[in-house]
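data-v2.cif, holding mmCIF, C-alpha atoms and all ligand atoms:
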```cif
data_start
#
loop_
_atom_site.group_PDB
_atom_site.id
_atom_site.type_symbol
_atom_site.label_atom_id
_atom_site.label_comp_id
_atom_site.auth_asym_id
_atom_site.auth_seq_id
_atom_site.Cartn_x
_atom_site.Cartn_y
_atom_site.Cartn_z
ATOM 1 C CA MET A 1 75.794 -5.434 -24.645
ATOM 2 C CA PRO A 2 76.507 -2.835 -21.916
ATOM 3 C CA ARG A 3 78.800 -3.929 -19.073
ATOM 4 C CA LYS A 4 76.892 -4.490 -15.807
ATOM 5 C CA ILE A 5 78.352 -2.538 -12.898
ATOM 6 C CA ILE A 6 77.670 -1.798 -9.244
ATOM 7 C CA ILE A 7 79.106 1.536 -8.073
ATOM 8 C CA ASP A 8 80.133 1.528 -4.395
ATOM 9 C CA THR A 9 80.661 5.084 -3.252
ATOM 10 C CA ASP A 10 80.977 7.725 -0.497
ATOM 11 C CA PRO A 11 79.935 10.981 -2.278
ATOM 12 C CA GLY A 12 82.095 13.179 -2.239
ATOM 13 C CA GLN A 13 82.384 15.687 -5.095
ATOM 14 C CA ASP A 14 84.733 13.427 -7.066
ATOM 15 C CA ASP A 15 82.388 10.480 -6.519
ATOM 16 C CA ALA A 16 79.663 12.672 -8.049
ATOM 17 C CA ALA A 17 81.762 13.118 -11.199
ATOM 18 C CA ALA A 18 82.159 9.346 -11.458
ATOM 19 C CA ILE A 19 78.424 8.749 -11.019
ATOM 20 C CA PHE A 20 77.608 11.385 -13.673
ATOM 21 C CA LEU A 21 80.072 9.754 -16.068
ATOM 22 C CA ALA A 22 78.567 6.300 -15.569
ATOM 23 C CA LEU A 23 74.935 7.407 -15.813
ATOM 24 C CA ALA A 24 75.730 9.352 -18.988
ATOM 25 C CA SER A 25 77.151 6.260 -20.708
ATOM 26 C CA PRO A 26 74.260 3.758 -20.925
ATOM 27 C CA GLU A 27 75.479 2.396 -24.247
ATOM 28 C CA THR A 28 78.566 1.049 -22.447
ATOM 29 C CA LEU A 29 77.565 0.706 -18.783
ATOM 30 C CA GLU A 30 74.435 -0.705 -17.138
ATOM 31 C CA VAL A 31 74.388 0.612 -13.576
ATOM 32 C CA LEU A 32 72.637 -2.183 -11.655
ATOM 33 C CA GLY A 33 72.800 -0.131 -8.466
ATOM 34 C CA ILE A 34 74.689 2.458 -6.467
ATOM 35 C CA THR A 35 75.684 1.231 -3.009
ATOM 36 C CA THR A 36 76.756 3.843 -0.495
ATOM 37 C CA VAL A 37 79.200 3.547 2.378
ATOM 38 C CA ALA A 38 80.483 5.726 5.206
ATOM 39 C CA GLY A 39 83.660 7.480 4.174
ATOM 40 C CA ASN A 40 84.093 11.096 3.174
ATOM 41 C CA VAL A 41 81.095 11.847 5.414
ATOM 42 C CA PRO A 42 78.857 9.565 7.525
ATOM 43 C CA LEU A 43 76.464 7.155 5.803
ATOM 44 C CA PRO A 44 73.264 9.235 6.255
ATOM 45 C CA LEU A 45 74.966 11.901 4.126
ATOM 46 C CA THR A 46 76.646 9.657 1.549
ATOM 47 C CA GLN A 47 73.338 7.906 0.760
ATOM 48 C CA LYS A 48 71.577 11.276 0.535
ATOM 49 C CA ASN A 49 74.332 12.714 -1.668
ATOM 50 C CA ALA A 50 74.202 9.773 -4.084
ATOM 51 C CA ARG A 51 70.473 10.420 -4.532
ATOM 52 C CA ILE A 52 71.029 14.155 -5.089
ATOM 53 C CA VAL A 53 73.587 13.334 -7.789
ATOM 54 C CA CYS A 54 71.122 10.975 -9.513
ATOM 55 C CA ASP A 55 68.523 13.775 -9.398
ATOM 56 C CA TRP A 56 70.997 16.226 -10.984
ATOM 57 C CA ALA A 57 71.740 13.577 -13.632
ATOM 58 C CA GLY A 58 68.036 13.262 -14.418
ATOM 59 C CA LYS A 59 68.157 9.528 -13.586
ATOM 60 C CA PRO A 60 65.629 9.150 -10.736
ATOM 61 C CA ASP A 61 65.085 5.441 -11.502
ATOM 62 C CA THR A 62 68.626 4.543 -10.444
ATOM 63 C CA LYS A 63 68.623 2.182 -7.462
ATOM 64 C CA VAL A 64 70.524 3.681 -4.499
ATOM 65 C CA PHE A 65 71.203 1.603 -1.385
ATOM 66 C CA ALA A 66 72.612 2.476 2.036
ATOM 67 C CA GLY A 67 75.341 0.157 3.274
ATOM 68 C CA CYS A 68 77.795 -0.006 6.162
ATOM 69 C CA ASP A 69 77.989 2.968 8.507
ATOM 70 C CA ALA A 70 81.375 2.036 9.998
ATOM 71 C CA PRO A 71 84.487 0.099 8.944
ATOM 72 C CA MET A 72 84.676 -3.656 9.621
ATOM 73 C CA LYS A 73 86.930 -3.384 12.672
ATOM 74 C CA ARG A 74 88.063 0.188 13.183
ATOM 75 C CA PRO A 75 86.340 3.471 14.051
ATOM 76 C CA LEU A 76 85.173 5.607 11.139
ATOM 77 C CA VAL A 77 87.434 8.390 9.893
ATOM 78 C CA THR A 78 85.774 11.016 7.690
ATOM 79 C CA ALA A 79 87.049 13.844 5.452
ATOM 80 C CA GLU A 80 84.844 16.891 5.970
ATOM 81 C CA HIS A 81 88.044 18.953 5.787
ATOM 82 C CA VAL A 82 88.190 18.063 2.099
ATOM 83 C CA HIS A 83 84.549 17.654 1.069
ATOM 84 C CA GLY A 84 82.811 20.047 3.478
ATOM 85 C CA LYS A 85 80.165 19.336 6.132
ATOM 86 C CA THR A 86 77.617 17.961 3.643
ATOM 87 C CA GLY A 87 80.154 15.980 1.629
ATOM 88 C CA LEU A 88 78.912 17.772 -1.498
ATOM 89 C CA ASP A 89 79.729 21.363 -0.531
ATOM 90 C CA GLY A 90 79.750 23.800 -3.435
ATOM 91 C CA PRO A 91 76.244 24.200 -4.830
ATOM 92 C CA ASP A 92 74.387 26.539 -2.487
ATOM 93 C CA PRO A 93 71.812 25.663 -1.403
ATOM 94 C CA LEU A 94 72.395 21.917 -1.724
ATOM 95 C CA PRO A 95 69.002 20.510 -2.815
ATOM 96 C CA ALA A 96 67.202 17.786 -0.882
ATOM 97 C CA PRO A 97 67.061 14.422 -2.682
ATOM 98 C CA VAL A 98 63.836 13.612 -4.540
ATOM 99 C CA MET A 99 64.492 10.046 -5.709
ATOM 100 C CA PRO A 100 63.980 7.301 -3.097
ATOM 101 C CA LEU A 101 66.453 5.206 -1.125
ATOM 102 C CA GLN A 102 66.000 1.448 -1.578
ATOM 103 C CA ASP A 103 64.938 -0.491 1.533
ATOM 104 C CA GLN A 104 67.426 -3.311 1.020
ATOM 105 C CA HIS A 105 70.829 -3.036 2.726
ATOM 106 C CA ALA A 106 73.628 -2.424 0.207
ATOM 107 C CA VAL A 107 75.560 -5.530 1.297
ATOM 108 C CA ASP A 108 72.493 -7.725 0.725
ATOM 109 C CA PHE A 109 72.010 -6.097 -2.688
ATOM 110 C CA ILE A 110 75.624 -6.851 -3.633
ATOM 111 C CA ILE A 111 75.301 -10.491 -2.497
ATOM 112 C CA ASP A 112 71.894 -11.053 -4.125
ATOM 113 C CA THR A 113 72.938 -9.400 -7.394
ATOM 114 C CA LEU A 114 76.161 -11.378 -7.740
ATOM 115 C CA ARG A 115 74.234 -14.602 -7.059
ATOM 116 C CA ALA A 116 71.428 -13.709 -9.502
ATOM 117 C CA GLU A 117 73.474 -12.424 -12.439
ATOM 118 C CA PRO A 118 75.443 -14.919 -14.575
ATOM 119 C CA ALA A 119 78.894 -15.535 -13.061
ATOM 120 C CA GLY A 120 81.569 -13.219 -14.390
ATOM 121 C CA THR A 121 79.202 -10.558 -15.693
ATOM 122 C CA VAL A 122 79.181 -7.941 -12.901
ATOM 123 C CA THR A 123 82.014 -5.453 -12.297
ATOM 124 C CA LEU A 124 82.383 -3.759 -8.911
ATOM 125 C CA CYS A 125 83.430 -0.101 -9.222
ATOM 126 C CA THR A 126 84.580 1.107 -5.797
ATOM 127 C CA LEU A 127 85.044 4.794 -5.079
ATOM 128 C CA GLY A 128 85.283 4.810 -1.274
ATOM 129 C CA PRO A 129 86.319 2.668 1.680
ATOM 130 C CA LEU A 130 85.829 -1.021 0.847
ATOM 131 C CA THR A 131 83.632 -1.844 3.835
ATOM 132 C CA ASN A 132 80.552 -2.936 1.846
ATOM 133 C CA ILE A 133 82.623 -5.174 -0.439
ATOM 134 C CA GLY A 134 84.723 -6.672 2.352
ATOM 135 C CA THR A 135 81.589 -7.358 4.396
ATOM 136 C CA ALA A 136 79.808 -8.971 1.414
ATOM 137 C CA PHE A 137 82.827 -11.177 0.632
ATOM 138 C CA SER A 138 83.104 -12.238 4.282
ATOM 139 C CA ARG A 139 79.403 -12.954 4.669
ATOM 140 C CA ALA A 140 79.016 -14.759 1.313
ATOM 141 C CA PRO A 141 82.371 -16.114 0.079
ATOM 142 C CA ASP A 142 80.556 -17.865 -2.793
ATOM 143 C CA ILE A 143 80.053 -14.534 -4.568
ATOM 144 C CA ILE A 144 83.775 -13.741 -4.852
ATOM 145 C CA GLU A 145 84.453 -15.978 -7.862
ATOM 146 C CA ARG A 146 81.306 -14.584 -9.538
ATOM 147 C CA VAL A 147 82.772 -11.063 -9.738
ATOM 148 C CA GLN A 148 83.912 -10.141 -13.280
ATOM 149 C CA GLU A 149 86.415 -7.476 -12.160
ATOM 150 C CA ILE A 150 86.973 -4.967 -9.385
ATOM 151 C CA VAL A 151 87.981 -1.473 -10.515
ATOM 152 C CA MET A 152 88.807 0.767 -7.590
ATOM 153 C CA MET A 153 90.080 4.174 -6.650
ATOM 154 C CA GLY A 154 92.471 3.685 -3.763
ATOM 155 C CA GLY A 155 96.031 3.357 -2.576
ATOM 156 C CA ALA A 156 99.273 5.010 -3.560
ATOM 157 C CA TYR A 157 102.914 4.105 -4.144
ATOM 158 C CA PHE A 158 105.190 6.838 -5.533
ATOM 159 C CA GLU A 159 102.640 9.470 -4.473
ATOM 160 C CA VAL A 160 102.535 8.060 -0.886
ATOM 161 C CA GLY A 161 99.635 8.969 1.422
ATOM 162 C CA ASN A 162 97.040 11.749 1.554
ATOM 163 C CA ILE A 163 95.387 11.042 4.921
ATOM 164 C CA THR A 164 98.591 9.867 6.644
ATOM 165 C CA PRO A 165 102.156 9.987 5.359
ATOM 166 C CA ALA A 166 101.756 6.325 4.344
ATOM 167 C CA ALA A 167 98.126 5.767 3.342
ATOM 168 C CA GLU A 168 95.459 6.925 0.905
ATOM 169 C CA PHE A 169 92.050 7.693 2.457
ATOM 170 C CA ASN A 170 89.865 4.891 0.979
ATOM 171 C CA ILE A 171 92.280 2.187 2.065
ATOM 172 C CA TYR A 172 93.161 3.837 5.386
ATOM 173 C CA VAL A 173 89.522 4.098 6.542
ATOM 174 C CA ASP A 174 88.991 0.338 6.270
ATOM 175 C CA PRO A 175 92.298 -1.512 5.794
ATOM 176 C CA ASP A 176 90.748 -4.813 6.886
ATOM 177 C CA ALA A 177 88.135 -4.637 4.131
ATOM 178 C CA ALA A 178 90.814 -3.619 1.650
ATOM 179 C CA ASP A 179 92.908 -6.619 2.708
ATOM 180 C CA ILE A 180 89.978 -8.941 1.952
ATOM 181 C CA VAL A 181 89.546 -7.395 -1.493
ATOM 182 C CA PHE A 182 93.240 -7.459 -2.420
ATOM 183 C CA ARG A 183 93.420 -11.134 -1.353
ATOM 184 C CA SER A 184 90.246 -12.041 -3.326
ATOM 185 C CA GLU A 185 92.191 -13.172 -6.412
ATOM 186 C CA ARG A 186 89.652 -11.478 -8.670
ATOM 187 C CA PRO A 187 90.852 -9.303 -11.588
ATOM 188 C CA LEU A 188 91.691 -6.024 -9.859
ATOM 189 C CA THR A 189 92.426 -2.665 -11.500
ATOM 190 C CA VAL A 190 93.550 0.074 -9.135
ATOM 191 C CA MET A 191 93.537 3.846 -9.674
ATOM 192 C CA PRO A 192 95.974 5.026 -6.961
ATOM 193 C CA LEU A 193 96.947 8.603 -6.161
ATOM 194 C CA ASP A 194 99.898 8.052 -8.516
ATOM 195 C CA VAL A 195 97.495 8.397 -11.439
ATOM 196 C CA THR A 196 94.668 10.480 -9.978
ATOM 197 C CA HIS A 197 97.077 13.249 -8.998
ATOM 198 C CA LYS A 198 97.708 13.688 -12.736
ATOM 199 C CA ALA A 199 94.009 14.443 -13.393
ATOM 200 C CA LEU A 200 93.832 18.014 -12.102
ATOM 201 C CA THR A 201 90.729 20.205 -12.290
ATOM 202 C CA THR A 202 92.394 23.204 -13.906
ATOM 203 C CA LYS A 203 90.331 26.354 -14.506
ATOM 204 C CA PRO A 204 89.781 25.748 -18.259
ATOM 205 C CA ARG A 205 88.582 22.215 -17.509
ATOM 206 C CA VAL A 206 86.105 23.390 -14.852
ATOM 207 C CA GLU A 207 84.885 26.288 -17.031
ATOM 208 C CA ALA A 208 84.206 23.829 -19.869
ATOM 209 C CA MET A 209 81.787 22.017 -17.524
ATOM 210 C CA ARG A 210 80.189 25.244 -16.266
ATOM 211 C CA SER A 211 79.645 26.456 -19.820
ATOM 212 C CA LEU A 212 77.397 23.459 -20.536
ATOM 213 C CA GLY A 213 74.690 25.389 -18.668
ATOM 214 C CA THR A 214 72.971 22.148 -17.600
ATOM 215 C CA PRO A 215 72.011 21.145 -14.039
ATOM 216 C CA ALA A 216 74.745 18.484 -13.984
ATOM 217 C CA GLY A 217 77.375 20.716 -15.598
ATOM 218 C CA THR A 218 76.632 23.638 -13.298
ATOM 219 C CA ALA A 219 76.507 21.456 -10.179
ATOM 220 C CA MET A 220 79.780 19.764 -11.153
ATOM 221 C CA ALA A 221 81.575 23.072 -11.669
ATOM 222 C CA GLU A 222 80.257 24.444 -8.367
ATOM 223 C CA MET A 223 81.303 21.269 -6.540
ATOM 224 C CA LEU A 224 84.790 21.510 -8.048
ATOM 225 C CA ASP A 225 85.051 25.210 -7.144
ATOM 226 C CA PHE A 226 84.755 24.078 -3.531
ATOM 227 C CA PHE A 227 86.568 20.712 -3.789
ATOM 228 C CA GLU A 228 89.788 22.104 -5.267
ATOM 229 C CA ARG A 229 90.535 24.683 -2.544
ATOM 230 C CA PHE A 230 91.973 22.045 -0.140
ATOM 231 C CA ASP A 231 94.363 20.352 -2.598
ATOM 232 C CA VAL A 232 95.450 23.610 -4.241
ATOM 233 C CA GLU A 233 96.518 24.907 -0.821
ATOM 234 C CA LYS A 234 98.064 21.580 0.275
ATOM 235 C CA TYR A 235 99.983 20.739 -2.907
ATOM 236 C CA GLY A 236 100.264 24.166 -4.511
ATOM 237 C CA SER A 237 98.846 22.531 -7.624
ATOM 238 C CA GLU A 238 96.718 24.157 -10.328
ATOM 239 C CA GLY A 239 93.467 22.367 -9.518
ATOM 240 C CA ALA A 240 92.565 19.324 -7.471
ATOM 241 C CA PRO A 241 93.005 15.645 -8.372
ATOM 242 C CA LEU A 242 89.729 14.263 -9.698
ATOM 243 C CA HIS A 243 90.143 10.773 -8.238
ATOM 244 C CA ASP A 244 86.978 8.717 -8.635
ATOM 245 C CA PRO A 245 85.906 9.260 -12.279
ATOM 246 C CA CYS A 246 89.191 7.591 -13.282
ATOM 247 C CA VAL A 247 87.477 4.303 -12.337
ATOM 248 C CA ILE A 248 84.577 4.840 -14.740
ATOM 249 C CA ALA A 249 86.747 6.386 -17.467
ATOM 250 C CA TYR A 250 88.829 3.187 -17.420
ATOM 251 C CA LEU A 251 85.718 1.161 -18.281
ATOM 252 C CA LEU A 252 84.808 3.595 -21.080
ATOM 253 C CA GLN A 253 88.278 4.184 -22.551
ATOM 254 C CA PRO A 254 90.904 1.888 -20.957
ATOM 255 C CA ASP A 255 93.606 3.223 -23.273
ATOM 256 C CA LEU A 256 93.560 6.486 -21.339
ATOM 257 C CA PHE A 257 95.572 4.713 -18.653
ATOM 258 C CA THR A 258 98.869 2.852 -18.342
ATOM 259 C CA GLY A 259 100.202 0.917 -15.380
ATOM 260 C CA ARG A 260 101.864 -2.249 -14.238
ATOM 261 C CA HIS A 261 100.554 -5.613 -12.972
ATOM 262 C CA VAL A 262 102.169 -5.970 -9.566
ATOM 263 C CA ASN A 263 101.712 -7.522 -6.142
ATOM 264 C CA VAL A 264 99.986 -5.168 -3.699
ATOM 265 C CA GLN A 265 99.438 -5.966 -0.032
ATOM 266 C CA ILE A 266 97.691 -3.923 2.646
ATOM 267 C CA GLU A 267 99.187 -2.952 5.999
ATOM 268 C CA THR A 268 96.538 -3.800 8.618
ATOM 269 C CA GLN A 269 98.595 -3.849 11.842
ATOM 270 C CA SER A 270 101.152 -1.032 12.130
ATOM 271 C CA GLU A 271 99.707 2.221 13.442
ATOM 272 C CA LEU A 272 102.524 4.062 11.659
ATOM 273 C CA THR A 273 101.758 2.686 8.192
ATOM 274 C CA LEU A 274 98.166 1.457 8.605
ATOM 275 C CA GLY A 275 96.375 1.282 5.253
ATOM 276 C CA MET A 276 99.530 1.500 3.184
ATOM 277 C CA THR A 277 99.310 -0.229 -0.215
ATOM 278 C CA VAL A 278 102.664 -2.004 -0.258
ATOM 279 C CA ALA A 279 103.228 -2.375 -3.993
ATOM 280 C CA ASP A 280 106.099 -4.567 -5.183
ATOM 281 C CA TYR A 281 106.510 -2.211 -8.141
ATOM 282 C CA TRP A 282 110.054 -3.374 -8.976
ATOM 283 C CA GLY A 283 109.383 -7.108 -8.541
ATOM 284 C CA VAL A 284 111.817 -7.602 -5.675
ATOM 285 C CA THR A 285 109.730 -10.429 -4.153
ATOM 286 C CA ASP A 286 108.211 -13.590 -5.551
ATOM 287 C CA HIS A 287 104.749 -12.486 -4.462
ATOM 288 C CA LYS A 288 102.155 -13.134 -7.176
ATOM 289 C CA PRO A 289 100.945 -9.979 -8.960
ATOM 290 C CA ASN A 290 97.309 -9.316 -7.957
ATOM 291 C CA ALA A 291 96.587 -5.786 -9.205
ATOM 292 C CA MET A 292 96.879 -3.671 -12.339
ATOM 293 C CA PHE A 293 98.289 -0.614 -10.581
ATOM 294 C CA MET A 294 97.783 2.432 -12.818
ATOM 295 C CA GLN A 295 100.422 5.155 -13.028
ATOM 296 C CA ASP A 296 99.644 7.425 -15.991
ATOM 297 C CA ILE A 297 96.628 9.039 -17.642
ATOM 298 C CA ASN A 298 95.932 11.059 -20.779
ATOM 299 C CA ALA A 299 94.448 13.897 -18.709
ATOM 300 C CA ASP A 300 93.233 16.051 -21.610
ATOM 301 C CA ALA A 301 91.353 13.142 -23.170
ATOM 302 C CA PHE A 302 89.985 12.188 -19.728
ATOM 303 C CA PHE A 303 88.493 15.633 -19.124
ATOM 304 C CA ASN A 304 87.204 15.822 -22.710
ATOM 305 C CA LEU A 305 85.392 12.522 -22.115
ATOM 306 C CA LEU A 306 83.971 13.674 -18.773
ATOM 307 C CA THR A 307 82.723 16.983 -20.204
ATOM 308 C CA GLU A 308 81.314 15.370 -23.357
ATOM 309 C CA ARG A 309 79.351 12.873 -21.227
ATOM 310 C CA LEU A 310 78.202 15.574 -18.769
ATOM 311 C CA ALA A 311 76.704 17.372 -21.764
ATOM 312 C CA ARG A 312 74.435 14.362 -22.346
ATOM 313 C CA LEU A 313 72.693 14.672 -18.951
HETATM 314 O O1 LIG B 1 91.797 9.564 -1.447
HETATM 315 C C1 LIG B 1 90.800 9.960 -2.364
HETATM 316 C C2 LIG B 1 89.568 9.141 -2.198
HETATM 317 O O2 LIG B 1 89.033 9.326 -0.895
HETATM 318 C C3 LIG B 1 88.433 9.548 -3.152
HETATM 319 O O3 LIG B 1 87.629 8.446 -3.438
HETATM 320 C C4 LIG B 1 87.659 10.533 -2.339
HETATM 321 O O4 LIG B 1 86.289 10.648 -2.762
HETATM 322 C C5 LIG B 1 87.728 9.903 -0.982
HETATM 323 O O5 LIG B 1 86.731 8.888 -0.912
HETATM 324 CA CA CA B 2 85.198 8.565 -2.960
#
```

Please go through the file and, once you have read it, give me the structure as structure tokens.
Ligand code: RIB
Ligand code: CA
Amino acid sequence: MPRKIIIDTDPGQDDAAAIFLALASPETLEVLGITTVAGNVPLPLTQKNARIVCDWAGKPDTKVFAGCDAPMKRPLVTAEHVHGKTGLDGPDPLPAPVMPLQDQHAVDFIIDTLRAEPAGTVTLCTLGPLTNIGTAFSRAPDIIERVQEIVMMGGAYFEVGNITPAAEFNIYVDPDAADIVFRSERPLTVMPLDVTHKALTTKPRVEAMRSLGTPAGTAMAEMLDFFERFDVEKYGSEGAPLHDPCVIAYLLQPDLFTGRHVNVQIETQSELTLGMTVADYWGVTDHKPNAMFMQDINADAFFNLLTERLARL
């Protein structure tokens, strides 16, 4: 029986890789819907980009919803400097979406789906700021205990921040929503920068995708050609960290990852460290562990999985 998931996302080239990976794995994952949120770029673009990715994947029946266009309490911060003006810079020209956007608001879809599906059978896979999830949990607290698991890309500990010295982008954009999620007491698996920075899009890995010669493979390689320039220059690394597909890969092959179950709290007040994921990695407090905080990945096997699944689309 495939695992039912909702993907909450702000595409984003790395979000696109995660969506491809999920849609290419129907024997393991049933994508109930893709809910989009403002993040890397504003909501009108993230919802459009999610639809373009579903078109490239050849999955036009996927349900895509538009969600929150701003964080719960703070002004929106975007990342065009990383993802480009469109959020999916790379393929030129970027096609217009063909598949439709659902009329229902993403938050209502999340609430209705969690109420309709049997309790404990829906996993939330979050790839962007947690605004949609935090809003849904606030508006309908009854759905929280019905969530099977939350698997998210966000946060950092040893790797520290990428948008500020202290914070990772997804958490920083909406720390209040993140605080709600980390306090939800639901099973929580986190892919922080500590692990995603070990999944680098080296040239051989990108060329393996390009050589598939398929719409998804070609689009993915062209997106990564663009996406990597920022991180290569910033970190001097060979390739860029492919953050978001780590979330989906965990559901497909959890043994690719290792981490530690620790207490993680979110800084929501200090302007200096706003959005910091304060992980008690060494157990120096008596705070109850609330997150499986991943630290390591088998990067070769991860990229082999991603490329093998891309070939299916
Ligand atoms: O910090 C990396 C995260 O922020 C990724 O999810 C990327 O897509 C952006 O949303
Ligand atoms: Ca993202």

For the provided coordinates, the residues matched by the PyMOL selection byres (((not hetatm)) within 7 of (chain B and resi 2)) should be stated as a short mmCIF file (atom, residue, chain, number, x, y, z; two decimals) with C-alpha atoms, in the frame of the given file.
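Contents of the output file expr-v6.cif:
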```
data_model
loop_
_atom_site.label_atom_id
_atom_site.label_comp_id
_atom_site.auth_asym_id
_atom_site.auth_seq_id
_atom_site.Cartn_x
_atom_site.Cartn_y
_atom_site.Cartn_z
CA THR A 9 80.66 5.08 -3.25
CA ASP A 10 80.98 7.72 -0.50
CA PRO A 11 79.94 10.98 -2.28
CA GLY A 12 82.10 13.18 -2.24
CA ASP A 14 84.73 13.43 -7.07
CA ASP A 15 82.39 10.48 -6.52
CA ASN A 40 84.09 11.10 3.17
CA LEU A 127 85.04 4.79 -5.08
CA GLY A 128 85.28 4.81 -1.27
CA ASP A 244 86.98 8.72 -8.64
#
```

What's the 10 Å shell around Leu305 in chain A, counting only C-alpha atoms, without same-chain residues fewer than 5 positions away, as a ChimeraX atom specification? /A:21,249,252-253,299-300,310-311

Choose the residue, out of A:Thr113, A:Thr121, A:Thr214, A:Thr307, that has the smallest atom-to-atom separation from Leu29 in chain A; count only C-alpha atoms.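 The shortest atom-to-atom distance to Leu29 in chain A comes from A:Thr121.
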
Please evaluate the PyMOL selection byres (((chain A and resi 219) around 10) and not hetatm) against the displayed coordinates and give the resulting residues as a count of residues only. 25

Resolved residues for the PyMOL selection byres (((chain A and resi 238) around 6) and not hetatm) as a short mmCIF file (atom, residue, chain, number, x, y, z; two decimals) with C-alpha atoms, keeping the file's coordinate frame:
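The result, written out as selection_0.cif:
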```
data_model
loop_
_atom_site.label_atom_id
_atom_site.label_comp_id
_atom_site.auth_asym_id
_atom_site.auth_seq_id
_atom_site.Cartn_x
_atom_site.Cartn_y
_atom_site.Cartn_z
CA THR A 202 92.39 23.20 -13.91
CA SER A 237 98.85 22.53 -7.62
CA GLY A 239 93.47 22.37 -9.52
#
```

Spatial neighbours of Pro60 in chain A, 10 Å, all atoms listed in the file, chain gap at least 2 places, as a CSV table (one decimal) with C-alpha atoms, in the coordinates of the input:
```
chain,number,residue,atom,x,y,z
A,51,ARG,CA,70.5,10.4,-4.5
A,52,ILE,CA,71.0,14.2,-5.1
A,53,VAL,CA,73.6,13.3,-7.8
A,54,CYS,CA,71.1,11.0,-9.5
A,55,ASP,CA,68.5,13.8,-9.4
A,56,TRP,CA,71.0,16.2,-11.0
A,57,ALA,CA,71.7,13.6,-13.6
A,58,GLY,CA,68.0,13.3,-14.4
A,62,THR,CA,68.6,4.5,-10.4
A,63,LYS,CA,68.6,2.2,-7.5
A,64,VAL,CA,70.5,3.7,-4.5
A,97,PRO,CA,67.1,14.4,-2.7
A,98,VAL,CA,63.8,13.6,-4.5
A,99,MET,CA,64.5,10.0,-5.7
A,100,PRO,CA,64.0,7.3,-3.1
```

Applying 6 Å and all atoms listed in the file, which residues near Ile150 in chain A remain after dropping the ones on its own chain fewer than 3 positions away? List them as a list in words.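 Near Ile150 in chain A, the qualifying residues are Thr123, Leu124 and Leu188 of chain A.
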
Students should find that CA of Phe109 in chain A and CA of Thr135 in chain A are spaced 12.0 Å

Provide the CA of Asn263 in chain A to CA of Gly39 in chain A distance in Å, to one decimal place. 25.6 Å

Within 8 Å of Leu193 in chain A using all atoms listed in the file, minus same-chain residues under 6 positions, as number ranges by chain: A: 154-157, 159-160, 168, 243

Skip Asp179 in chain A itself and residues of its chain fewer than 4 positions away, then list as number ranges by chain all residues within 12 Å of it, counting all atoms listed in the file. A: 72, 129-131, 133-135, 137-138, 155, 171-175, 183-185, 264-269, 274-278, 290

Centre and edge lengths, as lines of an AutoDock Vina configuration file, for the axis-aligned box enclosing every listed atom of range 167-181 of chain A with 6 Å of padding on each of the six sides, in Å to one decimal?
```
center_x = 93.1
center_y = -0.6
center_z = 2.7
size_x = 22.0
size_y = 28.6
size_z = 20.4
```

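Closest approach to ligand LIG 1 (chain B) from the set A:Ala240, A:Val206, A:Val181, A:Ala119 is made by A:Ala240, with distances taken over all atoms listed in the file.
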
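Between ligand LIG 1 (chain B) and the residues A:Cys68, A:Leu313, A:Ala106, A:Ala38, the shortest atom-to-atom distance, using only C-alpha atoms and all ligand atoms, involves A:Ala38.
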
Rounded to one decimal in Å, what is the spacing between CA of Ile163 in chain A and CA of Val151 in chain A?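 CA of Val151 in chain A lies 21.2 Å from CA of Ile163 in chain A.
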
Measuring atom to atom with all atoms listed in the file, identify which of A:Glu27, A:Ala22, A:Leu43, A:Val37 is nearest to Leu306 in chain A.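 Among the listed residues, A:Ala22 lies closest to Leu306 in chain A.
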
For Leu200 in chain A, the nearest of the candidates A:Met152, A:Leu272, A:Val41, A:Ile297, counting all atoms listed in the file: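 That would be A:Ile297, the residue with the smallest distance to Leu200 in chain A.
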
Would you mind putting back N, CA, C and O atoms on range 124-129 of chain A, then writing it out as a compact mmCIF listing (two decimals), keeping the file's coordinate frame?
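As written to disk, part23.txt reads:
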```
# COMPACT_ATOMS: atom_id res chain seq x y z
N LEU A 124 82.54 -4.62 -10.09
CA LEU A 124 82.38 -3.76 -8.91
C LEU A 124 83.29 -2.55 -9.09
O LEU A 124 84.50 -2.70 -9.24
N CYS A 125 82.68 -1.35 -9.08
CA CYS A 125 83.43 -0.10 -9.22
C CYS A 125 83.43 0.58 -7.85
O CYS A 125 82.39 1.08 -7.42
N THR A 126 84.56 0.59 -7.17
CA THR A 126 84.58 1.11 -5.80
C THR A 126 85.28 2.46 -5.75
O THR A 126 86.39 2.63 -6.26
N LEU A 127 84.59 3.40 -5.12
CA LEU A 127 85.04 4.79 -5.08
C LEU A 127 85.31 5.27 -3.65
O LEU A 127 85.64 6.44 -3.44
N GLY A 128 85.13 4.42 -2.68
CA GLY A 128 85.28 4.81 -1.27
C GLY A 128 85.92 3.68 -0.48
O GLY A 128 86.48 2.74 -1.06
N PRO A 129 85.84 3.77 0.85
CA PRO A 129 86.32 2.67 1.68
C PRO A 129 85.61 1.37 1.28
O PRO A 129 84.46 1.39 0.87
```
